[in-house]
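Novice: The structure is given below, and queries will be raised subsequently.
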Amino acid sequence: MSLITGVLYAVLIAYLGGWYTGQWQGNFSLLLFLMTVVTLVYWLAERYKFKPAREAAAAALLEQDHARRAQLAAKGITQVDGDVAVARERLLMQPWWLDWTAGLFPVICAVFLMRSFLFEPFKIPSGSMIPTLMVGDLILVNKYHYGVRLPVINKKIVANNDPQRGDVIVFRYPVNPSLDYIKRVVALPGDEVAYLNKQITVNGKPVVQTPLPEFYDPDSLRYALQYTEQLDGQPHRILVDKDRPPFIPPQAIEDYPFKENCRYSGEGVVCKVPAGHYFMMGDNRDNSQDSRFWGFVPDEYIVGKAFVIWMNFGDIKRIGFFH
């Protein structure tokens with residue numbers, strides 16, 4: 001068993017190393033699930049086979065020692081050298097390959113259940129959601145707000161709330177579902193959404209924009225126009241680059257499902273959101289790859305609702321809830 005455990009750890013280290021160096025794209029949900037299953041097998045084997053066997057061996061050792069002492073006492077020998085306590089402790093001791101598998105099961109299982117059904121942490125890697133979320137923000141995502149889903153396959157088994165316009169959502173990237181994206185819900189199933197000349201219109205009603213002072217982005221060393229936008233009464237800030245054109249370059253548009261629901265022009269794009277899908281956009285409107293480029297997000301790709309920044313090591317003042 002020690003050899004098998006060593007091989008499993010070697011495979012794990014190789015997988016993590018290749019993932020870290022970019023040799024392949026990892027799937028942390030699947031990895032955590034497999035680690036939970038493997039450590040569960042070891043935990044069950046330890047509980048029902050290996051531990052009882054060690055306890056039986058320790059009990060046999062004590063019984064042999066008592067029998068030997070009884071035989072010597074019958075012969076009048078009361079002073080007996082040797083103490084089996086150390087040997088008994090060694091017999092009861094867990095070998096390393098069980099300590100590093102069965103011993104880790106409760107922790108790995110707790111992390112797996114919490115991450116799958118309650119909350120999952122994410123790190124913001126890009127500036128597509130500036131000014132709401134900055135690069136380096138560490139956020140928490142509520143996994144059960146939109147319903148309980150089976151881990152790994154993301155199949156909804158218990159319905160809860162439906163996504164609303166203005167929600168900030170983490171979802172699997174439709175072009176490459178192994179990647180997670182974060183954007184804001186702009187339009188719901190059945191909505192007709194238009195982004196023309198950098199103005200959102202939903203079902204024929206323009207979304208109110210209120211000008212704010214210009215926003216300075218320290219990463220790009222540029223100023224951008226800033227507005228407060230309200231989707232269904234939920235205020236949030238957006239950025240607009242006045243030097244960028246409103247249209248989407250044809251070469252940047254993916255060939256996505258229900259593409260026929262969208263009409264592209266020199267002013268922007270107009271789309272009819274199909275049933276069971278959502279139209280997402282980043283708050284940094286001219287620096288966001290979103291539904292304008294790769295289409296709609298199906299409900300089964302939704303991971304959860306982002307709701308709090310729990311840490312930013314570069315600016316701890318950013319910790320807190322956001323809209």
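Labels used: A, B, ... for chains in the order of the structure tokens, numbers from 1 for residues in each chain, and numbers from 1 for ligands as shown.
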Please report, as a list in words, each residue of segment 86-221 of chain A to which DSSP assigns alpha helix (DSSP H) when run on this structure's backbone.

Specialist: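 These are the residues in question: Val86, Ala87, Arg88, Glu89, Arg90, Leu91, Leu92, Trp96, Trp97, Leu98, Asp99, Phe105, Pro106, Val107, Ile108, Cys109, Ala110, Val111, Phe112, Leu113, Met114, Arg115, Ser116 and Phe117 of chain A.
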
Novice: Next, dump the selected residues to file, keeping only C-alpha atoms, as a tab-separated table (two decimals), in the first residue's frame.

Specialist:
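Resulting contents of result.tsv:
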chain	number	residue	atom	x	y	z
A	86	VAL	CA	6.80	0.90	23.56
A	87	ALA	CA	6.22	-2.05	21.24
A	88	ARG	CA	2.46	-1.71	21.71
A	89	GLU	CA	2.56	2.01	20.79
A	90	ARG	CA	4.52	1.19	17.65
A	91	LEU	CA	2.01	-1.47	16.66
A	92	LEU	CA	-0.86	1.00	17.09
A	96	TRP	CA	2.78	7.38	6.92
A	97	TRP	CA	0.71	6.33	3.93
A	98	LEU	CA	-2.44	6.20	6.07
A	99	ASP	CA	-1.60	9.37	7.96
A	105	PHE	CA	-10.07	12.80	4.59
A	106	PRO	CA	-12.09	14.87	7.13
A	107	VAL	CA	-10.35	18.10	6.08
A	108	ILE	CA	-10.56	17.44	2.34
A	109	CYS	CA	-14.20	16.34	2.64
A	110	ALA	CA	-15.12	19.50	4.58
A	111	VAL	CA	-13.42	21.71	1.98
A	112	PHE	CA	-15.11	19.80	-0.86
A	113	LEU	CA	-18.59	20.13	0.66
A	114	MET	CA	-18.16	23.81	1.55
A	115	ARG	CA	-16.73	24.68	-1.86
A	116	SER	CA	-19.35	22.65	-3.74
A	117	PHE	CA	-22.50	23.72	-1.92

Novice: Can you tell me which residues surround Leu31 of chain A at a distance of at most 12 Å, considering only C-alpha atoms, apart from same-chain residues fewer than 2 positions away, and format the answer as a PyMOL selection string?

Specialist: chain A and resi 11-13+15-16+19+25-29+33-38+108+112+151-152

Novice: Find the distance between atom CA of Gln79 of chain A and atom CA of Asp65 of chain A and write it in Å to one decimal.

Specialist: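 A separation of 13.6 Å between them.
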
Novice: What is the atom CA of Ala224 of chain A to atom CA of Leu212 of chain A distance in Å?

Specialist: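 So the answer is 10.4 Å.
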
Novice: So which residues touch Gly304 of chain A within 10 Å, counting only C-alpha atoms, skipping near sequence neighbours fewer than 6 positions away, as a list in words?

Specialist: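 Counting only the stated atoms, we get Phe117, Leu118, Phe119, Glu120, Leu140, Val141, Asn142, Lys143, Tyr144, His145, Tyr146, Gly147, Val148, Arg149, Pro163, Val168, Ile169, Val170, Phe171 and Ile182 of chain A.
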
Novice: Can you write out the residues you just picked, keeping N, CA, C and O atoms, as a short mmCIF file (atom, residue, chain, number, x, y, z; two decimals), in the first residue's frame?

Specialist:
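Resulting contents of part_23.cif:
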data_model
loop_
_atom_site.label_atom_id
_atom_site.label_comp_id
_atom_site.auth_asym_id
_atom_site.auth_seq_id
_atom_site.Cartn_x
_atom_site.Cartn_y
_atom_site.Cartn_z
N PHE A 117 -21.12 23.40 -2.22
CA PHE A 117 -22.50 23.72 -1.92
C PHE A 117 -22.70 25.05 -1.19
O PHE A 117 -23.82 25.53 -1.12
N LEU A 118 -21.64 25.63 -0.64
CA LEU A 118 -21.80 26.86 0.14
C LEU A 118 -21.08 28.04 -0.51
O LEU A 118 -21.70 28.86 -1.17
N PHE A 119 -19.78 28.13 -0.31
CA PHE A 119 -19.03 29.28 -0.81
C PHE A 119 -17.75 28.81 -1.49
O PHE A 119 -17.14 27.83 -1.07
N GLU A 120 -17.37 29.56 -2.52
CA GLU A 120 -16.14 29.24 -3.23
C GLU A 120 -15.34 30.53 -3.43
O GLU A 120 -15.90 31.55 -3.83
N LEU A 140 -15.68 36.02 -2.61
CA LEU A 140 -16.43 34.81 -2.29
C LEU A 140 -17.67 34.76 -3.17
O LEU A 140 -18.31 35.79 -3.42
N VAL A 141 -17.99 33.54 -3.59
CA VAL A 141 -19.16 33.31 -4.43
C VAL A 141 -20.13 32.41 -3.68
O VAL A 141 -19.75 31.36 -3.14
N ASN A 142 -21.39 32.84 -3.61
CA ASN A 142 -22.45 32.06 -2.97
C ASN A 142 -22.90 30.97 -3.95
O ASN A 142 -23.49 31.26 -5.00
N LYS A 143 -22.63 29.70 -3.60
CA LYS A 143 -22.91 28.60 -4.51
C LYS A 143 -24.37 28.15 -4.49
O LYS A 143 -24.82 27.47 -5.41
N TYR A 144 -25.12 28.47 -3.42
CA TYR A 144 -26.48 27.95 -3.31
C TYR A 144 -27.55 29.00 -3.62
O TYR A 144 -28.73 28.69 -3.63
N HIS A 145 -27.12 30.26 -3.87
CA HIS A 145 -28.11 31.33 -4.09
C HIS A 145 -29.02 31.03 -5.29
O HIS A 145 -30.22 31.30 -5.25
N TYR A 146 -28.43 30.48 -6.33
CA TYR A 146 -29.21 30.17 -7.54
C TYR A 146 -29.63 28.70 -7.60
O TYR A 146 -30.09 28.23 -8.64
N GLY A 147 -29.49 27.98 -6.50
CA GLY A 147 -29.90 26.58 -6.47
C GLY A 147 -28.73 25.67 -6.14
O GLY A 147 -27.57 26.02 -6.31
N VAL A 148 -29.05 24.48 -5.66
CA VAL A 148 -28.04 23.49 -5.30
C VAL A 148 -27.69 22.68 -6.55
O VAL A 148 -28.57 22.15 -7.22
N ARG A 149 -26.39 22.60 -6.85
CA ARG A 149 -25.93 21.88 -8.03
C ARG A 149 -24.97 20.78 -7.62
O ARG A 149 -24.22 20.92 -6.65
N PRO A 163 -31.28 34.31 -11.41
CA PRO A 163 -30.44 35.50 -11.59
C PRO A 163 -31.28 36.72 -11.95
O PRO A 163 -32.27 36.61 -12.68
N VAL A 168 -23.84 40.17 -10.06
CA VAL A 168 -22.49 39.82 -10.50
C VAL A 168 -22.34 38.31 -10.31
O VAL A 168 -22.49 37.80 -9.20
N ILE A 169 -22.04 37.62 -11.41
CA ILE A 169 -22.10 36.16 -11.42
C ILE A 169 -20.78 35.57 -11.92
O ILE A 169 -20.18 36.08 -12.86
N VAL A 170 -20.37 34.48 -11.29
CA VAL A 170 -19.29 33.65 -11.80
C VAL A 170 -19.91 32.50 -12.58
O VAL A 170 -20.88 31.88 -12.12
N PHE A 171 -19.36 32.23 -13.76
CA PHE A 171 -19.92 31.19 -14.62
C PHE A 171 -18.79 30.56 -15.42
O PHE A 171 -17.67 31.09 -15.51
N ILE A 182 -16.24 36.08 -14.70
CA ILE A 182 -17.14 36.85 -13.83
C ILE A 182 -17.60 38.08 -14.59
O ILE A 182 -16.78 38.83 -15.14
#

Novice: So which residues of segment 178-311 of chain A fall under strand (DSSP E or B) by DSSP, listed as a ChimeraX atom specification?

Specialist: /A:180-187,192-196,199-202,205-206,209-217,222-231,234-240,262-265,268-272,277-281,284,297-298,302-311

Novice: List the spatial neighbours of Glu192 of chain A as a PDB file with C-alpha atoms, in the first residue's frame - criterion: any atom at most 10 Å away, only C-alpha atoms, same-chain residues fewer than 5 positions off excluded.

Specialist:
ATOM      1  CA  ALA A 187     -30.453  40.808 -19.656  1.00  0.00           C
ATOM      2  CA  THR A 201     -31.379  49.438 -23.607  1.00  0.00           C
ATOM      3  CA  VAL A 202     -33.438  46.544 -22.219  1.00  0.00           C
ATOM      4  CA  ASN A 203     -36.824  45.832 -23.795  1.00  0.00           C
ATOM      5  CA  GLY A 204     -36.882  49.295 -25.334  1.00  0.00           C
ATOM      6  CA  LYS A 205     -36.059  51.143 -22.079  1.00  0.00           C
ATOM      7  CA  ASN A 261     -30.562  36.190 -32.293  1.00  0.00           C
ATOM      8  CA  CYS A 262     -28.074  39.070 -32.559  1.00  0.00           C
ATOM      9  CA  VAL A 270     -28.874  44.083 -30.456  1.00  0.00           C
ATOM     10  CA  CYS A 271     -29.749  40.607 -29.132  1.00  0.00           C
ATOM     11  CA  LYS A 272     -32.825  38.608 -28.181  1.00  0.00           C
ATOM     12  CA  VAL A 273     -31.870  36.443 -25.195  1.00  0.00           C
ATOM     13  CA  PRO A 274     -32.993  32.826 -25.690  1.00  0.00           C
ATOM     14  CA  PHE A 279     -26.551  38.204 -21.457  1.00  0.00           C
TER      15      PHE A 279
END

Novice: Name the residues in contact with Pro211 of chain A at a cut-off of 7 Å, using only C-alpha atoms, excluding same-chain residues fewer than 6 positions from it; report them as an mmCIF file with C-alpha atoms, in the first residue's frame.

Specialist:
data_model
loop_
_atom_site.group_PDB
_atom_site.id
_atom_site.type_symbol
_atom_site.label_atom_id
_atom_site.label_comp_id
_atom_site.auth_asym_id
_atom_site.auth_seq_id
_atom_site.Cartn_x
_atom_site.Cartn_y
_atom_site.Cartn_z
ATOM 1 C CA GLN A 226 -17.320 56.899 -15.148
ATOM 2 C CA TYR A 227 -21.060 56.554 -14.668
ATOM 3 C CA THR A 228 -23.522 55.152 -12.179
#

Novice: Looking at A:Val158, A:Leu104, A:Val240, A:Ile124, which one is nearest to Tyr42 of chain A, with distances taken over only C-alpha atoms?

Specialist: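 Looking only at the distances to Tyr42 of chain A, the closest residue turns out to be A:Leu104.
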
Novice: Pick out the closest residue to Asp315 of chain A from this set: A:Phe122, A:Gln23, A:Met134, A:Ala60. Count only C-alpha atoms.

Specialist: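 Using only C-alpha atoms, the shortest distance to Asp315 of chain A belongs to A:Met134.
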
Novice: One decimal, in Å: what's the spacing between atom CA of Ile77 of chain A and atom CA of Leu62 of chain A?

Specialist: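 Computing the Euclidean distance for atom CA of Ile77 of chain A and atom CA of Leu62 of chain A yields 18.7 Å.
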
Novice: At a cut-off of 6 Å, using only C-alpha atoms, what residues contact Met129 of chain A? Leave out same-chain residues fewer than 6 positions from it and give the result as a PyMOL selection string.

Specialist: chain A and resi 282-284

Novice: Ranking A:Thr5, A:Gln251, A:Gln199, A:Ser265 by minimum distance to Glu229 of chain A and counting only C-alpha atoms, which one comes first?

Specialist: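 So, comparing all the options, the nearest one is A:Gln199.
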
Novice: What lies within 8 Å of His323 of chain A using only C-alpha atoms, ignoring chain neighbours under 2 positions off, as a list in words?

Specialist: Thr132, Asp167, Val168, Gln234, Pro235, His236, Phe307 and Phe321 of chain A

Novice: Just checking: using only C-alpha atoms, which residue out of A:Thr101, A:Ser291, A:Asn161, A:Asn197 ends up closest to Gly266 of chain A?

Specialist: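 So, comparing all the options, the nearest one is A:Asn197.
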